[in-house]
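Engineer: Next up, target_37.txt (compact mmCIF, C-alpha atoms).
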```
# COMPACT_ATOMS: atom_id res chain seq x y z
CA MET A 18 113.85 34.51 42.73
CA ASN A 19 115.07 36.04 39.49
CA ASP A 20 116.51 32.86 37.99
CA ALA A 21 114.40 29.74 38.40
CA ARG A 22 117.38 27.54 37.47
CA THR A 23 119.20 28.53 40.63
CA THR A 24 116.24 27.95 42.89
CA THR A 25 114.98 24.48 42.04
CA ASP A 26 116.38 23.15 45.29
CA ARG A 27 114.59 24.63 48.24
CA ARG A 28 117.68 24.19 50.39
CA LEU A 29 119.24 27.10 48.46
CA THR A 30 116.53 29.52 49.67
CA PRO A 31 116.49 29.31 53.46
CA ASP A 32 115.31 32.93 53.73
CA ARG A 33 112.09 32.16 51.90
CA SER A 34 109.06 31.17 53.90
CA GLU A 35 107.12 28.09 52.91
CA ALA A 36 104.22 30.27 51.72
CA ALA A 37 106.49 32.39 49.52
CA PHE A 38 108.11 29.30 48.07
CA LYS A 39 104.71 27.79 47.19
CA HIS A 40 103.61 31.13 45.70
CA TRP A 41 106.64 31.08 43.42
CA LEU A 42 105.90 27.49 42.41
CA ARG A 43 102.30 28.44 41.61
CA ARG A 44 103.57 30.88 38.99
CA LEU A 45 105.16 27.94 37.12
CA VAL A 46 101.84 26.11 36.78
CA THR A 47 100.12 26.35 33.39
CA GLY A 48 96.58 25.35 32.53
CA ALA A 49 93.38 25.83 34.49
CA ALA A 50 93.03 22.15 35.46
CA GLU A 51 96.64 21.97 36.71
CA LEU A 52 96.20 25.21 38.68
CA LYS A 53 93.05 23.85 40.30
CA ALA A 54 94.88 20.64 41.26
CA PHE A 55 97.79 22.67 42.67
CA ASP A 56 95.49 24.77 44.87
CA ALA A 57 93.72 21.61 46.05
CA GLY A 58 97.04 20.06 47.16
CA GLU A 59 96.84 17.25 44.61
CA ILE A 60 100.23 17.99 42.99
CA ASP A 61 103.55 16.95 44.56
CA ALA A 62 105.89 18.63 42.07
CA VAL A 63 105.96 21.37 39.44
CA MET A 64 108.04 21.38 36.25
CA ASP A 65 110.44 24.33 35.87
CA ARG A 66 110.46 24.98 32.12
CA ASP A 67 113.74 26.92 32.20
CA SER A 68 115.78 24.13 33.79
CA GLY A 69 113.67 21.15 32.72
CA SER A 70 113.65 19.87 36.33
CA ALA A 71 110.83 19.02 38.67
CA VAL A 72 110.57 21.09 41.86
CA LEU A 73 109.12 19.32 44.88
CA LEU A 74 106.54 21.08 47.05
CA PRO A 75 107.46 21.42 50.75
CA GLU A 76 105.13 18.59 51.80
CA ALA A 77 106.66 16.25 49.21
CA GLN A 78 110.19 17.23 50.31
CA SER A 79 109.34 16.41 53.93
CA ALA A 80 107.84 13.09 52.86
CA LEU A 81 110.98 12.29 50.84
CA ASN A 82 113.26 13.03 53.80
CA GLY A 83 111.07 10.90 56.03
CA THR A 84 111.16 8.08 53.48
CA ASN A 85 114.97 8.15 53.44
CA ARG A 86 115.04 7.75 57.22
CA ILE A 87 112.56 4.89 57.03
CA VAL A 88 114.61 3.15 54.32
CA LEU A 89 117.81 3.41 56.35
CA SER A 90 116.05 2.05 59.45
CA ALA A 91 114.63 -0.81 57.39
CA LEU A 92 118.07 -1.64 55.98
CA ASP A 93 119.61 -1.64 59.44
CA ALA A 94 116.93 -4.09 60.59
CA LEU A 95 117.88 -6.61 57.92
CA PRO A 96 120.15 -9.49 58.94
CA GLY A 97 121.79 -9.65 55.48
CA GLU A 98 124.61 -7.34 54.36
CA VAL A 99 123.21 -4.65 52.06
CA CYS A 100 124.39 -1.37 50.59
CA VAL A 101 122.85 1.03 48.05
CA ILE A 102 124.93 2.84 45.42
CA ASP A 103 124.07 5.69 43.07
CA SER A 104 124.68 5.87 39.31
CA ASN A 105 128.32 6.92 39.88
CA GLY A 106 129.13 4.04 42.21
CA VAL A 107 129.04 6.13 45.40
CA VAL A 108 127.56 4.36 48.42
CA VAL A 109 124.36 6.08 49.51
CA MET A 110 123.54 3.74 52.40
CA ALA A 111 125.19 0.71 54.01
CA ASN A 112 123.25 -1.19 56.63
CA LYS A 113 124.49 -2.23 60.06
CA ALA A 114 125.10 -5.86 59.07
CA TRP A 115 127.34 -4.70 56.21
CA ARG A 116 129.35 -2.39 58.47
CA VAL A 117 129.74 -4.88 61.32
CA SER A 118 130.75 -7.71 58.99
CA GLY A 119 133.26 -5.48 57.22
CA THR A 120 134.89 -4.64 60.51
CA ALA A 121 135.01 -8.32 61.50
CA HIS A 122 136.72 -9.16 58.18
CA ALA A 123 139.23 -6.30 58.53
CA ARG A 124 137.36 -4.39 55.81
CA ALA A 125 138.04 -7.09 53.24
CA GLY A 126 135.52 -7.86 50.52
CA LEU A 127 135.23 -4.34 49.04
CA ASP A 128 133.92 -3.03 52.33
CA VAL A 129 132.89 0.43 51.11
CA ARG A 130 131.02 2.73 53.48
CA ALA A 131 128.57 5.61 52.96
CA GLY A 132 130.17 8.32 50.82
CA GLU A 133 132.89 6.04 49.41
CA ASN A 134 133.10 4.99 45.77
CA ILE A 135 133.03 1.28 44.98
CA TYR A 136 134.79 1.79 41.63
CA ALA A 137 137.70 3.40 43.50
CA ALA A 138 137.71 0.48 45.95
CA CYS A 139 137.95 -1.96 43.02
CA ARG A 140 140.99 -0.08 41.66
CA ASP A 141 142.78 -0.17 45.02
CA VAL A 142 142.56 -3.91 45.73
CA PRO A 143 145.70 -6.08 46.14
CA GLU A 144 147.15 -7.78 43.06
CA SER A 145 145.65 -11.13 44.05
CA GLU A 146 142.14 -9.65 43.89
CA ARG A 147 142.45 -7.77 40.58
CA GLU A 148 140.66 -10.43 38.54
CA TYR A 149 137.65 -10.47 40.88
CA ALA A 150 137.59 -6.67 41.16
CA ALA A 151 137.54 -6.40 37.36
CA ASP A 152 134.52 -8.72 37.21
CA MET A 153 132.83 -6.63 39.88
CA THR A 154 133.53 -3.39 37.98
CA GLU A 155 132.10 -4.81 34.77
CA GLY A 156 129.04 -6.14 36.62
CA LEU A 157 128.39 -2.73 38.17
CA ARG A 158 128.70 -1.07 34.79
CA GLN A 159 126.20 -3.43 33.19
CA VAL A 160 123.62 -3.00 35.95
CA LEU A 161 123.99 0.78 36.23
CA THR A 162 123.67 1.21 32.46
CA ARG A 163 120.61 -1.11 32.53
CA MET A 164 122.25 -3.71 30.28
CA ARG A 165 121.42 -6.25 32.99
CA GLN A 166 118.78 -6.21 35.71
CA SER A 167 120.91 -8.22 38.14
CA LEU A 168 123.95 -10.48 38.32
CA THR A 169 126.14 -12.30 40.82
CA CYS A 170 129.93 -12.03 41.24
CA ARG A 171 132.18 -14.38 43.21
CA TYR A 172 134.98 -12.61 45.06
CA VAL A 173 138.01 -14.15 46.79
CA CYS A 174 139.61 -11.86 49.38
CA HIS A 175 143.33 -11.73 50.01
CA ALA A 176 144.35 -13.07 53.41
CA PRO A 177 147.43 -14.96 54.67
CA ARG A 178 145.53 -18.14 55.51
CA PRO A 179 142.85 -19.08 54.79
CA ARG A 180 141.53 -16.99 51.92
CA ARG A 181 137.89 -15.98 52.33
CA THR A 182 135.20 -16.05 49.65
CA CYS A 183 132.14 -13.85 49.39
CA THR A 184 129.42 -13.49 46.79
CA PHE A 185 128.10 -10.13 45.63
CA THR A 186 124.67 -9.81 44.06
CA ILE A 187 124.06 -6.54 42.22
CA ALA A 188 120.47 -5.61 41.35
CA ALA A 189 119.12 -2.49 39.68
CA ILE A 190 116.50 -0.43 41.48
CA ALA A 191 113.44 -0.01 39.26
CA GLY A 192 112.50 3.54 38.31
CA ASP A 193 112.60 6.17 35.61
CA GLY A 194 115.30 8.33 37.23
CA PRO A 195 119.08 7.85 37.47
CA ALA A 196 120.09 4.20 37.78
CA ASN A 197 120.81 3.11 41.35
CA ALA A 198 121.60 -0.40 42.54
CA VAL A 199 121.43 -2.59 45.63
CA ILE A 200 124.44 -4.78 46.47
CA THR A 201 124.24 -7.69 48.89
CA ARG A 202 127.28 -9.54 50.21
CA GLU A 203 127.23 -13.13 51.43
CA TRP A 204 130.29 -14.75 53.02
CA SER A 205 131.07 -18.40 52.47
CA ASP A 206 131.15 -20.62 55.55
CA LYS A 207 134.28 -22.30 54.20
CA PRO A 208 137.66 -20.95 53.04
CA ALA A 209 138.19 -20.46 49.32
CA ILE A 210 139.34 -23.56 47.46
CA GLU A 211 143.06 -23.46 46.79
CA PRO A 212 144.37 -24.27 43.28
CA GLY A 213 144.09 -27.98 42.60
CA GLY A 214 141.31 -28.44 45.17
CA LEU A 215 137.98 -30.07 44.36
CA PRO A 216 134.70 -28.15 44.51
CA PRO A 217 131.98 -29.51 46.77
CA LYS A 218 129.49 -31.92 45.19
CA ARG A 219 125.92 -30.79 44.63
CA SER A 220 122.92 -32.94 45.16
CA ARG A 221 121.40 -33.61 41.74
CA ASN A 222 118.07 -34.52 43.35
CA VAL A 223 117.88 -31.18 45.16
CA GLU A 224 118.62 -29.27 41.96
CA VAL A 225 115.90 -31.12 40.07
CA GLU A 226 113.39 -30.65 42.90
CA ARG A 227 114.14 -26.92 43.16
CA ALA A 228 113.97 -26.39 39.39
CA GLY A 229 110.60 -28.11 39.33
CA ALA A 230 109.08 -26.00 42.10
CA SER A 231 105.91 -24.30 40.83
CA ASN A 232 106.41 -21.26 43.03
CA LYS A 233 108.91 -18.95 41.34
CA LEU A 234 110.20 -17.48 44.59
CA LEU A 235 111.14 -20.95 45.88
CA SER A 236 112.62 -22.07 42.56
CA ALA A 237 114.97 -19.05 42.65
CA LEU A 238 116.75 -20.35 45.77
CA PRO A 239 120.15 -22.06 45.40
CA PRO A 240 119.94 -25.88 45.78
CA ARG A 241 121.63 -25.92 49.21
CA GLU A 242 119.32 -23.28 50.65
CA TYR A 243 116.25 -24.76 49.01
CA SER A 244 117.06 -28.15 50.53
CA ARG A 245 117.18 -26.65 54.01
CA PHE A 246 114.10 -24.47 53.41
CA ALA A 247 112.03 -27.33 51.98
CA GLY A 248 112.31 -29.19 55.28
CA GLY A 249 109.84 -26.74 56.81
CA LEU A 250 107.30 -26.75 53.97
CA GLU A 251 104.08 -28.73 53.64
CA GLN A 252 101.72 -28.74 50.66
CA VAL A 253 98.14 -27.66 51.35
CA THR A 254 95.05 -27.09 49.23
CA LEU A 255 93.54 -23.60 49.40
CA THR A 256 89.90 -23.33 48.35
CA TYR A 257 87.94 -20.52 46.71
CA GLY A 258 86.64 -18.04 49.32
CA GLN A 259 89.01 -19.19 52.09
CA VAL A 260 90.36 -16.36 54.23
CA LEU A 261 94.03 -16.74 55.18
CA TYR A 262 94.42 -13.47 57.14
CA GLU A 263 92.20 -10.69 58.42
CA PRO A 264 93.47 -7.15 59.09
CA GLY A 265 95.05 -6.87 62.53
CA GLU A 266 95.24 -10.63 63.07
CA PRO A 267 98.55 -12.47 63.71
CA MET A 268 100.13 -14.22 60.71
CA HIS A 269 100.89 -17.64 62.17
CA GLU A 270 101.77 -19.16 58.79
CA VAL A 271 103.04 -18.05 55.37
CA TYR A 272 102.04 -19.45 51.98
CA PHE A 273 103.87 -19.91 48.68
CA PRO A 274 101.18 -20.43 45.99
CA ASN A 275 101.72 -23.10 43.34
CA ASP A 276 98.58 -22.86 41.22
CA CYS A 277 96.17 -20.97 43.45
CA LEU A 278 95.41 -17.25 43.52
CA VAL A 279 95.08 -14.93 46.52
CA SER A 280 93.65 -11.40 46.58
CA LEU A 281 94.85 -8.80 49.06
CA LEU A 282 91.89 -6.66 50.13
CA THR A 283 91.74 -3.49 52.17
CA LEU A 284 88.57 -2.96 54.23
CA VAL A 285 86.64 0.30 54.38
CA GLU A 286 84.31 0.96 57.31
CA GLY A 287 84.95 -2.56 58.52
CA HIS A 288 83.00 -4.39 55.80
CA ARG A 289 83.44 -2.92 52.31
CA ALA A 290 86.43 -4.47 50.54
CA LEU A 291 88.63 -3.24 47.70
CA GLU A 292 91.39 -5.27 46.10
CA VAL A 293 94.85 -3.72 46.28
CA GLY A 294 97.00 -6.68 45.23
CA LEU A 295 96.95 -10.07 43.56
CA VAL A 296 99.45 -12.84 44.38
CA GLY A 297 100.00 -16.16 42.65
CA ARG A 298 102.93 -18.44 41.95
CA GLU A 299 105.30 -15.46 41.57
CA GLY A 300 105.39 -14.70 45.30
CA MET A 301 104.17 -15.43 48.81
CA ILE A 302 101.46 -14.50 51.28
CA GLY A 303 102.78 -13.09 54.55
CA ALA A 304 105.80 -11.18 53.22
CA ARG A 305 105.08 -8.46 55.80
CA LEU A 306 106.70 -10.70 58.41
CA ALA A 307 110.07 -10.01 56.79
CA LEU A 308 109.60 -6.30 57.55
CA GLY A 309 109.15 -6.95 61.27
CA ALA A 310 105.33 -6.91 61.36
CA ALA A 311 103.50 -9.73 63.15
CA THR A 312 99.95 -8.90 62.03
CA SER A 313 98.34 -8.59 58.62
CA SER A 314 97.31 -5.19 57.24
CA VAL A 315 94.93 -6.70 54.66
CA ARG A 316 92.46 -9.52 54.18
CA ALA A 317 94.09 -12.35 52.24
CA LEU A 318 91.30 -14.10 50.36
CA VAL A 319 91.69 -17.14 48.10
CA GLN A 320 90.01 -16.42 44.77
CA GLY A 321 91.33 -19.41 42.82
CA THR A 322 91.40 -22.95 44.25
CA GLY A 323 94.74 -24.71 44.09
CA THR A 324 97.77 -25.80 46.09
CA ALA A 325 100.37 -23.86 48.04
CA MET A 326 103.39 -24.61 50.19
CA ARG A 327 102.84 -23.63 53.82
CA MET A 328 105.38 -22.86 56.54
CA THR A 329 105.04 -21.66 60.12
CA SER A 330 105.95 -18.03 60.68
CA ASP A 331 108.62 -18.90 63.25
CA ARG A 332 110.37 -21.27 60.85
CA PHE A 333 110.09 -18.78 58.00
CA LEU A 334 111.69 -15.98 60.04
CA LYS A 335 114.49 -18.29 61.11
CA GLU A 336 115.23 -19.27 57.49
CA PHE A 337 114.84 -15.68 56.28
CA ARG A 338 117.47 -14.39 58.73
CA ARG A 339 120.05 -16.97 57.64
CA SER A 340 119.43 -16.88 53.88
CA PRO A 341 120.64 -13.86 51.85
CA ALA A 342 119.31 -15.57 48.71
CA LEU A 343 115.81 -15.73 50.20
CA GLN A 344 116.10 -12.11 51.29
CA ARG A 345 117.02 -11.01 47.75
CA ALA A 346 114.18 -12.99 46.16
CA LEU A 347 111.67 -11.70 48.69
CA PHE A 348 112.76 -8.06 48.35
CA GLN A 349 112.46 -8.35 44.57
CA PHE A 350 108.94 -9.79 44.89
CA THR A 351 107.95 -7.12 47.44
CA ASP A 352 109.17 -4.37 45.13
CA THR A 353 107.10 -5.79 42.26
CA LEU A 354 104.05 -6.14 44.54
CA MET A 355 104.38 -2.52 45.68
CA ILE A 356 104.44 -1.40 42.03
CA GLN A 357 101.30 -3.46 41.41
CA ILE A 358 99.53 -2.01 44.47
CA SER A 359 100.36 1.61 43.64
CA GLN A 360 99.34 1.14 39.99
CA THR A 361 96.08 -0.54 41.06
CA ALA A 362 95.25 2.45 43.25
CA ALA A 363 95.76 4.81 40.31
CA CYS A 364 93.85 2.48 37.98
CA ASN A 365 90.81 2.36 40.29
CA ARG A 366 90.77 6.15 40.38
CA PHE A 367 91.24 7.06 36.72
CA HIS A 368 90.28 4.18 34.40
CA MET A 369 86.94 2.90 33.15
CA VAL A 370 85.44 -0.27 34.64
CA GLU A 371 85.63 -2.22 31.37
CA ALA A 372 89.38 -1.57 30.97
CA ARG A 373 89.99 -2.36 34.67
CA LEU A 374 88.07 -5.63 34.37
CA ALA A 375 90.14 -6.62 31.32
CA ARG A 376 93.34 -5.88 33.25
CA TRP A 377 92.17 -7.87 36.24
CA LEU A 378 91.15 -10.91 34.14
CA LEU A 379 94.54 -10.92 32.40
CA MET A 380 96.37 -10.78 35.74
CA THR A 381 94.23 -13.64 37.05
CA ALA A 382 94.87 -15.85 34.04
CA GLU A 383 98.59 -15.10 34.20
CA ARG A 384 98.87 -16.18 37.84
CA MET A 385 96.56 -19.18 37.47
CA ALA A 386 98.40 -20.28 34.29
CA SER A 387 94.97 -20.94 32.79
CA PRO A 388 92.48 -18.98 30.64
CA GLU A 389 89.56 -20.53 32.56
CA PHE A 390 88.52 -19.71 36.14
CA HIS A 391 85.46 -19.08 38.29
CA LEU A 392 84.51 -15.65 39.68
CA THR A 393 81.13 -14.37 40.80
CA HIS A 394 79.62 -10.94 40.09
CA GLU A 395 79.75 -10.10 43.78
CA PHE A 396 83.40 -11.04 44.05
CA LEU A 397 84.32 -9.04 40.94
CA ALA A 398 82.45 -6.04 42.31
CA ASP A 399 84.51 -6.18 45.50
CA MET A 400 87.73 -6.55 43.52
CA LEU A 401 87.03 -3.53 41.32
CA GLY A 402 85.30 -1.37 43.94
CA VAL A 403 82.10 -0.97 41.88
CA ARG A 404 78.48 -2.08 42.10
CA ARG A 405 77.41 -5.46 40.69
CA GLU A 406 75.55 -3.69 37.89
CA GLY A 407 78.84 -2.11 36.76
CA VAL A 408 80.46 -5.54 36.53
CA THR A 409 77.52 -6.86 34.50
CA VAL A 410 77.80 -4.04 31.97
CA ALA A 411 81.60 -4.36 31.67
CA ALA A 412 81.56 -8.17 31.37
CA SER A 413 78.76 -8.03 28.79
CA ALA A 414 80.74 -5.54 26.71
CA LEU A 415 83.83 -7.78 26.71
CA GLN A 416 81.69 -10.82 25.87
CA HIS A 417 79.94 -8.95 23.05
CA ARG A 418 83.38 -8.26 21.53
CA LYS A 419 84.11 -12.01 21.79
CA LEU A 420 87.07 -11.42 24.10
CA ILE A 421 85.67 -13.57 26.92
CA HIS A 422 82.88 -16.04 27.62
CA TYR A 423 81.11 -15.45 30.91
CA ARG A 424 78.29 -17.57 32.35
CA ARG A 425 77.33 -17.93 36.02
CA GLY A 426 80.78 -17.04 37.25
CA ASP A 427 82.66 -19.31 34.83
CA ILE A 428 85.02 -17.15 32.77
CA THR A 429 87.01 -18.20 29.71
CA ILE A 430 89.38 -15.82 27.95
CA LEU A 431 88.82 -16.32 24.22
CA ASP A 432 91.14 -13.66 22.78
CA THR A 433 94.14 -12.76 24.95
CA PRO A 434 95.66 -10.17 22.53
CA GLY A 435 92.27 -8.55 22.13
CA LEU A 436 91.75 -8.44 25.89
CA GLU A 437 95.18 -6.84 26.28
CA ALA A 438 94.15 -4.17 23.77
CA ALA A 439 90.95 -3.57 25.75
CA SER A 440 92.86 -3.33 29.02
CA CYS A 441 94.22 -0.08 30.39
CA SER A 442 97.93 0.72 30.24
CA CYS A 443 98.34 -0.35 33.88
CA TYR A 444 98.47 -4.03 32.89
CA ARG A 445 101.33 -3.55 30.43
CA TYR A 446 103.22 -1.30 32.84
CA VAL A 447 103.07 -3.74 35.77
CA GLN A 448 103.89 -6.66 33.48
CA ALA A 449 106.93 -4.84 32.08
CA GLN A 450 108.17 -3.98 35.58
CA ALA A 451 107.81 -7.59 36.72
CA GLN A 452 109.71 -8.89 33.69
CA ALA A 453 112.47 -6.34 34.16
CA ALA A 454 112.89 -7.34 37.81
CA THR A 455 113.44 -11.00 36.91
CA SER A 456 115.54 -10.59 33.76
```
Could you spell out this file's structure in structure tokens?

Structural biologist:
Amino acid sequence: MNDARTTTDRRLTPDRSEAAFKHWLRRLVTGAAELKAFDAGEIDAVMDRDSGSAVLLPEAQSALNGTNRIVLSALDALPGEVCVIDSNGVVVMANKAWRVSGTAHARAGLDVRAGENIYAACRDVPESEREYAADMTEGLRQVLTRMRQSLTCRYVCHAPRPRRTCTFTIAAIAGDGPANAVITREWSDKPAIEPGGLPPKRSRNVEVERAGASNKLLSALPPREYSRFAGGLEQVTLTYGQVLYEPGEPMHEVYFPNDCLVSLLTLVEGHRALEVGLVGREGMIGARLALGAATSSVRALVQGTGTAMRMTSDRFLKEFRRSPALQRALFQFTDTLMIQISQTAACNRFHMVEARLARWLLMTAERMASPEFHLTHEFLADMLGVRREGVTVAASALQHRKLIHYRRGDITILDTPGLEAASCSCYRYVQAQAQAATS
């Protein structure tokens, strides 16, 4: 390999063995600590200084290829119509529902397939669709240049009689690399309204009820879908210490928190618990059902008493399959939760207990919509994966700085900006990602 710039993609060097390829990568590593991490298998990629690109190790490349297959299988399992485009507008993946529906509609509704360019499809539409295609093109541009996180476009397809209407929702995929986007397509049950026709009336009561929903995932649903979905909900009170799920147990019901807080805990050796996620009014408990799983992978433990909306799993799956809007909202929440979980894992490994405790208290207050809550030393120790003595030292340090008041499990945040300054960068990163996903 004489020129590193021509060898950053391992697919260009089929004659090289995996060992030789890794040996070449090792030569790019600088610094004793980095070299030690490389030899220990703790590094997934190495920076090529000549080209400025990151080169994946063989194991990471295999994992990436496997991930792509998993993503495509997951997309095909979804009942809604979904496709993924890259920064140039080329379709990377289109799920089965998208392909089947496109065929049923004679490939109307910008029915692009894998490898096709959606910008080109917008240019080639019939004259009667030019206005809608122009809106779609502008929407794509705004999302792919990160001017907007997401937007919705109405599209009326040309047909002799009747004309058909679909709605496209374009959402950016979070990440630091090139901008990609997910597009969902939802067909109207009724033909498009002809000129001079009257639009259907909306129920004012349903709109008010939906807008007032405490759970943000529910309040994001359109009035018509919320009205149907609300028929299967009942309000329940969840109390501190209540266990909603245990690992491996069936999830018979799902929960949409209003003002309660639920921790997601992973168990080690059957009894030791470590928090991996925190869910409040921004999401739901039991989202794994939407991915085809019937059992929980974590312990769902109520850590803040309050109310939630409960629905049976069977009813939820029925509504999920028929509601593209619910699918979009749930996928957005799941993406944000995955970011939180991965950042929490890194935080528990690299950051000091005091900074982690500050982060965790801020997240709790944010989801409880209150600076006051009750948490015991033992519970905090489980959440942070440390001994009770470590919690005592960290809490005392924050109290000494007059950031919090802590007495017998009753916690009051006295100085939110100060606590944010004491927190590690993980809090600000997860918060920024969540805000970007909903903007």

Engineer: Using all atoms listed in the file, can you tell me which of A:Val271, A:Glu336, A:Ser231, A:Gly300 comes closest to Gly248 in chain A?

Structural biologist: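 Closest residue, counting all atoms listed in the file: A:Glu336.
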
Engineer: Which is closest to Val279 in chain A among A:Ala438, A:Val253, A:Leu318, A:Ala346, if we use only C-alpha atoms?

Structural biologist: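 Answer, going by the shortest atom-to-atom distance: A:Leu318.
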
Engineer: Work out how far apart CA of Ala439 in chain A and CA of Met380 in chain A are and give it in Å to one decimal.

Structural biologist: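 Separation of CA of Ala439 in chain A and CA of Met380 in chain A: 13.5 Å.
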
Engineer: Quick one: residues within 12 Å of Glu203 in chain A, only C-alpha atoms counted, chain neighbours fewer than 5 positions away excluded, as a PyMOL selection string?

Structural biologist: chain A and resi 96-99+114-115+118-119+126+169-173+181-187+339-345

Engineer: Can you measure CA of Gly258 in chain A to CA of Gly321 in chain A for me? One decimal in Å is fine.

Structural biologist: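 A separation of 8.1 Å between them.
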
Engineer: Rounded to one decimal place, report the CA of Pro240 in chain A-CA of Thr329 in chain A distance in Å.

Structural biologist: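 Calculated distance between CA of Pro240 in chain A and CA of Thr329 in chain A is 21.1 Å.
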
Engineer: Taking only C-alpha atoms into account, which of A:Arg202, A:Arg424, A:Arg327, A:Lys233 comes nearest Glu251 in chain A?

Structural biologist: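 Of A:Arg202, A:Arg424, A:Arg327, A:Lys233, the one nearest Glu251 in chain A is A:Arg327, counting only C-alpha atoms.
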
Engineer: Have a look at A:Asp56, A:Ile430, A:Gly294, A:Leu250 and name the one nearest to Ser359 in chain A; count all atoms listed in the file.

Structural biologist: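 Nearest to Ser359 in chain A: A:Gly294.
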
Engineer: May I have the residues within 10 Å of Leu157 in chain A as a list in words, using all atoms listed in the file and disregarding those fewer than 4 positions away in the same chain?

Structural biologist: Ile102, Ser104, Asn105, Gly106, Ile135, Tyr136, Ala151, Asp152, Met153, Leu161, Thr162, Arg163, Arg165, Ser167, Leu168, Cys170, Thr186, Ile187, Ala188, Ala189, Ala198 and Ile200 of chain A

Engineer: Calculated over only C-alpha atoms, which of the candidates A:Thr254, A:Ser387, A:Thr312, A:Asn232 has the smallest distance to Thr433 in chain A?

Structural biologist: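 Of A:Thr254, A:Ser387, A:Thr312, A:Asn232, the one nearest Thr433 in chain A, counting only C-alpha atoms, is A:Ser387.
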
Engineer: Let me have the centre and edge lengths of the axis-aligned box enclosing all listed atoms of range 375-379 of chain A with 3 Å padding on every side, in Å to one decimal, as AutoDock Vina command-line options.

Structural biologist:
```
--center_x 92.3 --center_y -8.4 --center_z 33.8 --size_x 10.4 --size_y 11.0 --size_z 10.9
```

Engineer: For each of A:Leu127, A:Met164, A:Val408, A:Ser440, take the minimum atom-to-atom distance to Tyr149 in chain A, counting only C-alpha atoms, then give the residue where this is smallest.

Structural biologist: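 When distances to Tyr149 in chain A are compared using only C-alpha atoms, the smallest one comes from A:Leu127.
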